[in-house]
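J.: Enclosed is the structure file coords12.cif (mmCIF, C-alpha atoms).
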data_data
#
loop_
_atom_site.label_atom_id
_atom_site.label_comp_id
_atom_site.auth_asym_id
_atom_site.auth_seq_id
_atom_site.Cartn_x
_atom_site.Cartn_y
_atom_site.Cartn_z
CA MET A 958 57.93 43.66 151.40
CA ASP A 959 61.51 42.82 150.56
CA LEU A 960 62.66 39.42 149.26
CA SER A 961 64.16 38.19 152.54
CA THR A 962 60.94 38.89 154.43
CA ALA A 963 58.93 36.97 151.80
CA PHE A 964 61.21 33.94 152.14
CA LYS A 965 60.87 34.01 155.91
CA LEU A 966 57.07 34.07 155.68
CA LEU A 967 57.10 31.16 153.19
CA TYR A 968 59.46 29.16 155.43
CA ASN A 969 57.27 29.74 158.46
CA ARG A 970 54.14 28.60 156.63
CA LEU A 971 55.86 25.44 155.33
CA ASN A 972 57.19 24.73 158.79
CA VAL A 973 53.71 25.03 160.26
CA GLN A 974 52.23 22.75 157.56
CA ALA A 975 54.99 20.19 158.06
CA LYS A 976 54.37 20.05 161.79
CA ARG A 977 50.63 19.74 161.22
CA TYR A 978 50.82 16.96 158.61
CA TRP A 979 54.08 15.20 159.49
CA LEU A 980 52.31 11.91 160.28
CA GLN A 981 50.57 11.81 156.90
CA VAL A 982 53.83 12.57 155.11
CA ALA A 983 55.63 9.82 157.00
CA VAL A 984 52.91 7.32 156.11
CA LEU A 985 53.12 8.28 152.43
CA LEU A 986 56.89 7.85 152.42
CA VAL A 987 56.65 4.41 154.04
CA PHE A 988 53.94 3.36 151.57
CA ALA A 989 56.06 4.50 148.61
CA TYR A 990 59.04 2.56 149.95
CA ILE A 991 56.97 -0.62 150.36
CA MET A 992 55.59 -0.39 146.82
CA CYS A 993 59.08 0.00 145.40
CA ARG A 994 60.27 -3.08 147.28
CA LYS A 995 57.22 -5.07 146.13
CA ASP A 996 57.89 -4.30 142.46
CA LEU A 997 61.48 -5.39 142.90
CA THR A 998 60.39 -8.68 144.50
CA ILE A 999 57.91 -9.39 141.72
CA ASN A 1000 60.57 -8.87 139.04
CA VAL A 1001 63.03 -11.11 140.82
CA SER A 1002 60.38 -13.83 141.22
CA LEU A 1003 59.44 -13.70 137.56
CA ASN A 1004 63.06 -14.03 136.55
CA GLY A 1005 63.40 -16.98 138.87
CA LEU A 1006 60.40 -18.71 137.29
CA GLN A 1007 61.89 -18.33 133.82
CA THR A 1008 65.15 -19.92 134.97
CA ASP A 1009 63.35 -22.85 136.59
CA ALA A 1010 61.35 -23.51 133.42
CA ALA A 1011 64.58 -23.83 131.43
CA VAL A 1012 65.94 -26.34 133.91
CA VAL A 1013 62.76 -28.44 133.72
CA PHE A 1014 62.98 -28.54 129.92
CA GLU A 1015 66.57 -29.76 130.11
CA GLU A 1016 65.92 -32.47 132.66
CA GLU A 1017 62.49 -33.73 131.51
CA PRO A 1018 62.48 -33.86 127.66
CA MET A 1019 60.23 -36.94 127.65
CA GLN A 1020 57.16 -34.73 127.66
CA ASN A 1021 57.65 -34.37 123.89
CA VAL A 1022 57.57 -38.06 123.01
CA ALA A 1023 54.80 -39.75 121.02
CA GLN A 1024 52.08 -42.24 122.01
CA GLU A 1025 53.34 -45.19 124.10
CA SER A 1026 51.05 -47.66 122.40
CA SER A 1027 53.31 -47.42 119.36
CA VAL A 1028 56.35 -49.03 121.02
CA HIS A 1029 58.96 -50.16 118.52
CA PRO A 1030 62.40 -51.72 118.79
CA VAL A 1031 65.34 -50.67 116.66
CA ASN A 1032 68.73 -52.02 115.78
CA ILE A 1033 70.75 -49.31 117.44
CA SER A 1034 73.83 -50.01 115.35
CA MET A 1035 72.04 -48.31 112.47
CA LEU A 1036 71.86 -44.92 114.18
CA GLU A 1037 74.67 -43.60 111.99
CA LYS A 1038 73.31 -40.22 111.01
CA LYS A 1039 74.60 -37.26 112.97
CA ALA A 1040 72.36 -36.18 115.82
CA ALA A 1041 70.25 -33.12 115.00
CA PRO A 1042 71.49 -29.98 116.80
CA ALA A 1043 69.46 -29.19 119.88
CA ARG A 1044 67.80 -25.79 119.50
CA LYS A 1045 66.86 -25.30 123.14
CA ARG A 1046 69.62 -27.16 124.92
CA ALA A 1047 72.53 -25.15 126.18
CA LYS A 1048 74.90 -28.11 126.24
CA THR A 1049 75.64 -30.57 123.43
CA VAL A 1050 76.96 -34.12 123.61
CA ALA A 1051 78.99 -35.85 120.93
CA HIS A 1052 77.11 -38.47 118.96
CA ASP A 1053 79.65 -41.16 119.86
CA GLU A 1054 78.94 -40.62 123.53
CA ASN A 1055 75.20 -40.93 122.98
CA ALA A 1056 75.21 -43.98 120.71
CA ALA A 1057 73.56 -46.75 122.67
CA ASN A 1058 75.19 -49.64 120.82
CA THR A 1059 78.38 -49.82 118.77
CA PHE A 1060 78.60 -53.65 118.69
CA SER A 1061 82.22 -53.37 119.85
CA ASN A 1062 81.98 -56.67 121.74
CA LEU A 1063 80.66 -58.77 118.84
CA THR A 1064 82.49 -60.65 116.11
CA TYR A 1065 80.84 -61.69 112.84
CA THR A 1066 82.44 -64.35 110.71
CA LYS A 1067 80.26 -64.54 107.61
CA GLY A 1068 79.03 -62.47 104.71
CA LYS A 1069 79.58 -58.81 103.92
CA PHE A 1070 79.17 -57.88 107.58
CA ALA A 1071 82.13 -59.98 108.81
CA THR A 1072 84.47 -58.19 111.21
CA ASN A 1073 88.23 -58.30 110.80
CA ASP A 1074 89.37 -59.21 114.32
CA SER A 1075 92.62 -60.80 115.39
CA SER A 1076 92.46 -64.19 117.08
CA THR A 1077 93.25 -62.53 120.43
CA ALA A 1078 90.44 -59.99 120.00
CA ARG A 1079 88.00 -62.68 118.92
CA GLU A 1080 88.79 -64.76 121.99
CA ALA A 1081 88.31 -61.76 124.30
CA LYS A 1082 84.97 -60.96 122.66
CA LYS A 1083 83.85 -64.55 122.87
CA GLN A 1084 84.52 -64.59 126.60
CA LYS A 1085 82.27 -61.54 126.97
CA GLN A 1086 79.61 -63.23 124.88
CA GLN A 1087 79.78 -66.44 126.94
CA THR A 1088 79.50 -64.43 130.15
CA TYR A 1089 76.36 -62.79 128.80
CA ILE A 1090 74.90 -66.13 127.72
CA LYS A 1091 75.52 -67.73 131.12
CA ARG A 1092 73.83 -64.80 132.79
CA PHE A 1093 70.66 -64.88 130.68
CA ALA A 1094 70.30 -68.42 129.32
CA ASN A 1095 67.81 -69.47 132.00
CA VAL A 1096 65.82 -66.27 131.52
CA ALA A 1097 65.68 -66.87 127.76
CA GLN A 1098 64.50 -70.45 128.24
CA THR A 1099 61.84 -69.31 130.69
CA GLU A 1100 60.58 -66.76 128.17
CA MET A 1101 60.60 -69.44 125.45
CA SER A 1102 58.51 -71.73 127.63
CA LYS A 1103 55.99 -69.00 128.42
CA PHE A 1104 55.78 -67.14 125.10
CA GLY A 1105 57.12 -69.52 122.43
CA VAL A 1106 60.04 -67.46 121.10
CA PRO A 1107 63.13 -69.67 120.60
CA ALA A 1108 65.71 -69.10 123.34
CA SER A 1109 68.43 -68.93 120.68
CA ILE A 1110 66.67 -65.98 119.05
CA ILE A 1111 66.15 -64.23 122.38
CA LEU A 1112 69.81 -64.61 123.35
CA ALA A 1113 71.07 -63.60 119.91
CA GLN A 1114 68.90 -60.49 119.90
CA GLY A 1115 70.00 -59.67 123.43
CA LEU A 1116 73.65 -59.98 122.44
CA LEU A 1117 73.16 -57.97 119.28
CA GLU A 1118 71.04 -55.16 120.68
CA SER A 1119 72.94 -54.75 123.96
CA ASP A 1120 76.50 -55.13 122.66
CA ALA A 1121 76.90 -58.23 124.83
CA GLY A 1122 75.52 -56.28 127.77
CA ASP A 1123 77.96 -53.39 127.52
CA SER A 1124 75.94 -50.78 125.60
CA ARG A 1125 74.89 -47.63 127.41
CA LEU A 1126 71.29 -48.54 126.73
CA SER A 1127 71.63 -51.85 128.57
CA THR A 1128 73.82 -50.57 131.42
CA ASN A 1129 71.91 -47.31 132.01
CA ASN A 1130 68.37 -48.39 131.12
CA ASN A 1131 68.45 -52.18 131.56
CA ASN A 1132 67.12 -52.19 127.99
CA HIS A 1133 68.65 -55.17 126.17
CA PHE A 1134 66.46 -55.15 123.04
CA GLY A 1135 66.43 -51.56 121.75
CA ILE A 1136 62.81 -50.99 122.77
CA LYS A 1137 61.72 -47.41 122.19
CA CYS A 1138 59.18 -45.23 123.94
CA PHE A 1139 56.69 -43.05 122.09
CA SER A 1140 54.49 -41.96 124.98
CA ARG A 1141 53.50 -38.30 125.36
CA THR A 1142 52.51 -38.78 128.99
CA CYS A 1143 55.10 -41.14 130.47
CA ARG A 1144 56.25 -40.45 134.00
CA LYS A 1145 59.75 -39.35 134.90
CA GLY A 1146 62.18 -42.25 134.72
CA HIS A 1147 60.07 -44.15 132.19
CA CYS A 1148 62.46 -43.52 129.29
CA SER A 1149 65.51 -41.51 128.26
CA ASN A 1150 67.06 -39.89 125.21
CA PHE A 1151 70.18 -41.33 123.58
CA THR A 1152 70.85 -39.27 120.47
CA ASP A 1153 68.97 -36.01 120.00
CA ASP A 1154 65.82 -34.07 120.87
CA SER A 1155 63.57 -36.11 118.60
CA HIS A 1156 60.92 -38.29 120.23
CA LYS A 1157 62.18 -41.08 117.98
CA ASP A 1158 65.28 -41.40 120.13
CA PHE A 1159 63.67 -42.06 123.50
CA PHE A 1160 64.23 -45.57 124.82
CA ARG A 1161 62.45 -47.41 127.61
CA LYS A 1162 63.96 -47.78 131.05
CA TYR A 1163 63.50 -50.94 133.10
CA GLN A 1164 64.08 -51.71 136.76
CA ASN A 1165 66.19 -54.72 135.87
CA ALA A 1166 67.29 -56.82 132.91
CA TRP A 1167 64.54 -59.40 133.50
CA GLU A 1168 61.89 -56.72 132.89
CA SER A 1169 63.56 -55.99 129.57
CA TYR A 1170 63.42 -59.67 128.57
CA ARG A 1171 59.74 -59.87 129.50
CA ALA A 1172 58.99 -56.66 127.57
CA HIS A 1173 60.72 -58.19 124.54
CA SER A 1174 58.57 -61.32 124.77
CA GLN A 1175 55.41 -59.23 125.03
CA LEU A 1176 56.53 -57.02 122.16
CA LEU A 1177 56.83 -60.06 119.89
CA ARG A 1178 53.15 -60.82 120.52
CA ALA A 1179 52.31 -57.85 118.27
CA PRO A 1180 50.29 -58.73 115.13
CA ARG A 1181 53.18 -58.24 112.73
CA TYR A 1182 55.09 -61.08 114.42
CA THR A 1183 52.25 -63.56 114.92
CA HIS A 1184 53.08 -65.50 111.74
CA LEU A 1185 56.44 -66.45 113.27
CA TYR A 1186 54.76 -68.64 115.88
CA LYS A 1187 53.74 -71.05 113.13
CA LEU A 1188 57.43 -71.91 112.82
CA GLY A 1189 59.01 -74.58 114.95
CA LYS A 1190 61.06 -73.51 117.95
CA SER A 1191 64.11 -75.14 116.38
CA ASP A 1192 63.78 -73.15 113.15
CA TYR A 1193 65.95 -70.24 114.29
CA LYS A 1194 66.91 -69.33 110.72
CA SER A 1195 63.31 -68.66 109.69
CA TRP A 1196 62.71 -66.77 112.94
CA ALA A 1197 65.77 -64.59 112.34
CA MET A 1198 64.86 -63.73 108.75
CA GLY A 1199 61.21 -63.30 109.73
CA LEU A 1200 62.13 -60.70 112.36
CA LYS A 1201 64.15 -58.88 109.75
CA ARG A 1202 61.30 -58.85 107.23
CA ALA A 1203 58.77 -57.82 109.90
CA GLY A 1204 60.83 -54.70 110.53
CA TYR A 1205 62.26 -55.38 113.97
CA ALA A 1206 65.44 -53.56 112.95
CA THR A 1207 66.67 -51.38 110.10
CA ASP A 1208 69.95 -53.26 109.59
CA LYS A 1209 69.70 -55.01 106.22
CA TYR A 1210 71.87 -57.82 107.59
CA TYR A 1211 69.94 -58.16 110.84
CA GLY A 1212 68.67 -61.69 110.19
CA GLU A 1213 72.05 -62.90 108.95
CA LYS A 1214 73.78 -61.49 112.03
CA LEU A 1215 71.37 -63.29 114.34
CA ILE A 1216 72.00 -66.56 112.52
CA ASN A 1217 75.76 -65.95 112.61
CA LEU A 1218 75.67 -65.40 116.37
CA ILE A 1219 73.50 -68.46 116.99
CA GLU A 1220 75.75 -70.75 114.98
CA ASP A 1221 79.07 -69.33 116.24
CA LEU A 1222 77.95 -69.62 119.86
CA GLU A 1223 75.79 -72.74 119.41
CA LEU A 1224 72.80 -70.97 120.91
CA GLN A 1225 70.44 -73.44 119.24
CA GLU A 1226 71.31 -75.85 122.06
CA TYR A 1227 69.12 -73.73 124.36
CA ASP A 1228 66.07 -74.38 122.18
CA ARG A 1229 65.86 -78.01 123.29
#
Let me see the file written as structure tokens.
T.:
Amino acid sequence: MDLSTAFKLLYNRLNVQAKRYWLQVAVLLVFAYIMCRKDLTINVSLNGLQTDAAVVFEEEPMQNVAQESSVHPVNISMLEKKAAPARKRAKTVAHDENAANTFSNLTYTKGKFATNDSSTAREAKKQKQQTYIKRFANVAQTEMSKFGVPASIILAQGLLESDAGDSRLSTNNNNHFGIKCFSRTCRKGHCSNFTDDSHKDFFRKYQNAWESYRAHSQLLRAPRYTHLYKLGKSDYKSWAMGLKRAGYATDKYYGEKLINLIEDLELQEYDR
């Protein structure tokens, strides 16, 4: 048998087998195509899940914060150290943009912390301060009546911690007293980050400024402040220095600044 005859016989046999089993072959081809498409879909889905996880980490960092029962205020003006670089964040924000309080709207006239403002600048700042006082004086007096904290102290702390109501913490979070959040389980919208990825830089959010004032009053019921209630409501100097010694803020001149604000703006009049 020559080579051409052998090829013809082989072709005929294959042709017969193909006609006999064409349905099975078609089914196998369709099955193989489906499996290939399925693998591709699975890979795409997995990649999509990884991308979504990164977005969740960026938008909801408050899952890393500490226990809420340990809520502490801070004097935000003391956040001078450079924010730690974020390891998992793709974007970075300058520290100056994140600082919640720069005290740009306050003037101090006494001691080593005195600010060197022109008379024009001082007058402009005082107008901002008076606007803030008019807005919250009744709230401060209500809190004094209910909780016993002098209204002068409440207003002075509000001015100091909120930069006369212009800090990002007060405008974005309605947080006028630098109250932090250390909860590991707080819901979305409960707090926000203002400096870096550390849980120490998460601050409480409030629905309105009044909630912030009430939270401040409740915060000062903590055991480390109870000795202050033995003081008279008119003794704002002892209250101011007592808050400083109790660790309300890290500013070494915190008490003096409160006293300076009270006396410059005659806030003691609201204690009567």
J.: If the PyMOL selection byres ((chain A and resi 1171) around 10) is run on the structure shown, which residues does it catch, given as a list of chain:residue names?
T.: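 That selection, the PyMOL selection byres ((chain A and resi 1171) around 10), comes back as A:Val1096, A:Ala1097, A:Thr1099, A:Glu1100, A:Lys1103, A:Phe1104, A:Ala1166, A:Trp1167, A:Glu1168, A:Ser1169, A:Tyr1170, A:Ala1172, A:His1173, A:Ser1174, A:Gln1175, A:Leu1176.
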J.: Restrict the selected residues to C-alpha atoms and save them as a PDB file, keeping the file's coordinate frame.
T.:
ATOM      1  CA  VAL A1096      65.820 -66.270 131.520  1.00  0.00           C
ATOM      2  CA  ALA A1097      65.680 -66.870 127.760  1.00  0.00           C
ATOM      3  CA  THR A1099      61.840 -69.310 130.690  1.00  0.00           C
ATOM      4  CA  GLU A1100      60.580 -66.760 128.170  1.00  0.00           C
ATOM      5  CA  LYS A1103      55.990 -69.000 128.420  1.00  0.00           C
ATOM      6  CA  PHE A1104      55.780 -67.140 125.100  1.00  0.00           C
ATOM      7  CA  ALA A1166      67.290 -56.820 132.910  1.00  0.00           C
ATOM      8  CA  TRP A1167      64.540 -59.400 133.500  1.00  0.00           C
ATOM      9  CA  GLU A1168      61.890 -56.720 132.890  1.00  0.00           C
ATOM     10  CA  SER A1169      63.560 -55.990 129.570  1.00  0.00           C
ATOM     11  CA  TYR A1170      63.420 -59.670 128.570  1.00  0.00           C
ATOM     12  CA  ALA A1172      58.990 -56.660 127.570  1.00  0.00           C
ATOM     13  CA  HIS A1173      60.720 -58.190 124.540  1.00  0.00           C
ATOM     14  CA  SER A1174      58.570 -61.320 124.770  1.00  0.00           C
ATOM     15  CA  GLN A1175      55.410 -59.230 125.030  1.00  0.00           C
ATOM     16  CA  LEU A1176      56.530 -57.020 122.160  1.00  0.00           C
TER      17      LEU A1176
END
J.: What residues come out when you apply the PyMOL selection byres ((chain A and resi 1111) around 10) to this file, written as a PyMOL selection string?
T.: chain A and resi 1093-1094+1096-1098+1100-1101+1106-1110+1112-1117+1134+1170+1173-1174+1215+1224
J.: A:Arg1092, A:Lys1187, A:Arg1181, A:Lys1214: which is nearest Arg1202 in chain A, counting all atoms listed in the file?
T.: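 Comparing A:Arg1092, A:Lys1187, A:Arg1181, A:Lys1214 against Arg1202 in chain A, the winner is A:Arg1181.
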J.: Using Å and a single decimal, report how far CA of Ser1076 in chain A sits from CA of Leu1222 in chain A.
T.: 15.7 Å
J.: Give me, please, the distance in Å between CA of Ile1136 in chain A and CA of Gly1122 in chain A, quoted to one decimal.
T.: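 If I compute the distance from CA of Ile1136 in chain A to CA of Gly1122 in chain A, I get 14.6 Å.
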J.: Counting all atoms listed in the file, select every polymer residue within 12 Å of (56.2, -68.1, 114.5) as defined in the file's coordinates, and provide the selection as a PyMOL selection string.
T.: chain A and resi 1101+1104-1107+1110+1177-1200+1203
J.: What residues come out when you apply the PyMOL selection byres ((chain A and resi 1062-1074) around 8) to this file, written as a CSV table (one decimal) with C-alpha atoms, in the frame of the given file?
T.:
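To be explicit, this is the file written out as expr_16.csv:
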chain,number,residue,atom,x,y,z
A,1060,PHE,CA,78.6,-53.6,118.7
A,1061,SER,CA,82.2,-53.4,119.8
A,1075,SER,CA,92.6,-60.8,115.4
A,1076,SER,CA,92.5,-64.2,117.1
A,1077,THR,CA,93.2,-62.5,120.4
A,1078,ALA,CA,90.4,-60.0,120.0
A,1079,ARG,CA,88.0,-62.7,118.9
A,1082,LYS,CA,85.0,-61.0,122.7
A,1083,LYS,CA,83.8,-64.6,122.9
A,1085,LYS,CA,82.3,-61.5,127.0
A,1086,GLN,CA,79.6,-63.2,124.9
A,1116,LEU,CA,73.6,-60.0,122.4
A,1117,LEU,CA,73.2,-58.0,119.3
A,1120,ASP,CA,76.5,-55.1,122.7
A,1121,ALA,CA,76.9,-58.2,124.8
A,1123,ASP,CA,78.0,-53.4,127.5
A,1210,TYR,CA,71.9,-57.8,107.6
A,1214,LYS,CA,73.8,-61.5,112.0
A,1217,ASN,CA,75.8,-66.0,112.6
A,1218,LEU,CA,75.7,-65.4,116.4
J.: What is the distance between CA of Ala1206 in chain A and CA of Ser1119 in chain A, in Å to one decimal?
T.: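 Going from CA of Ala1206 in chain A over to CA of Ser1119 in chain A, I get 13.4 Å.
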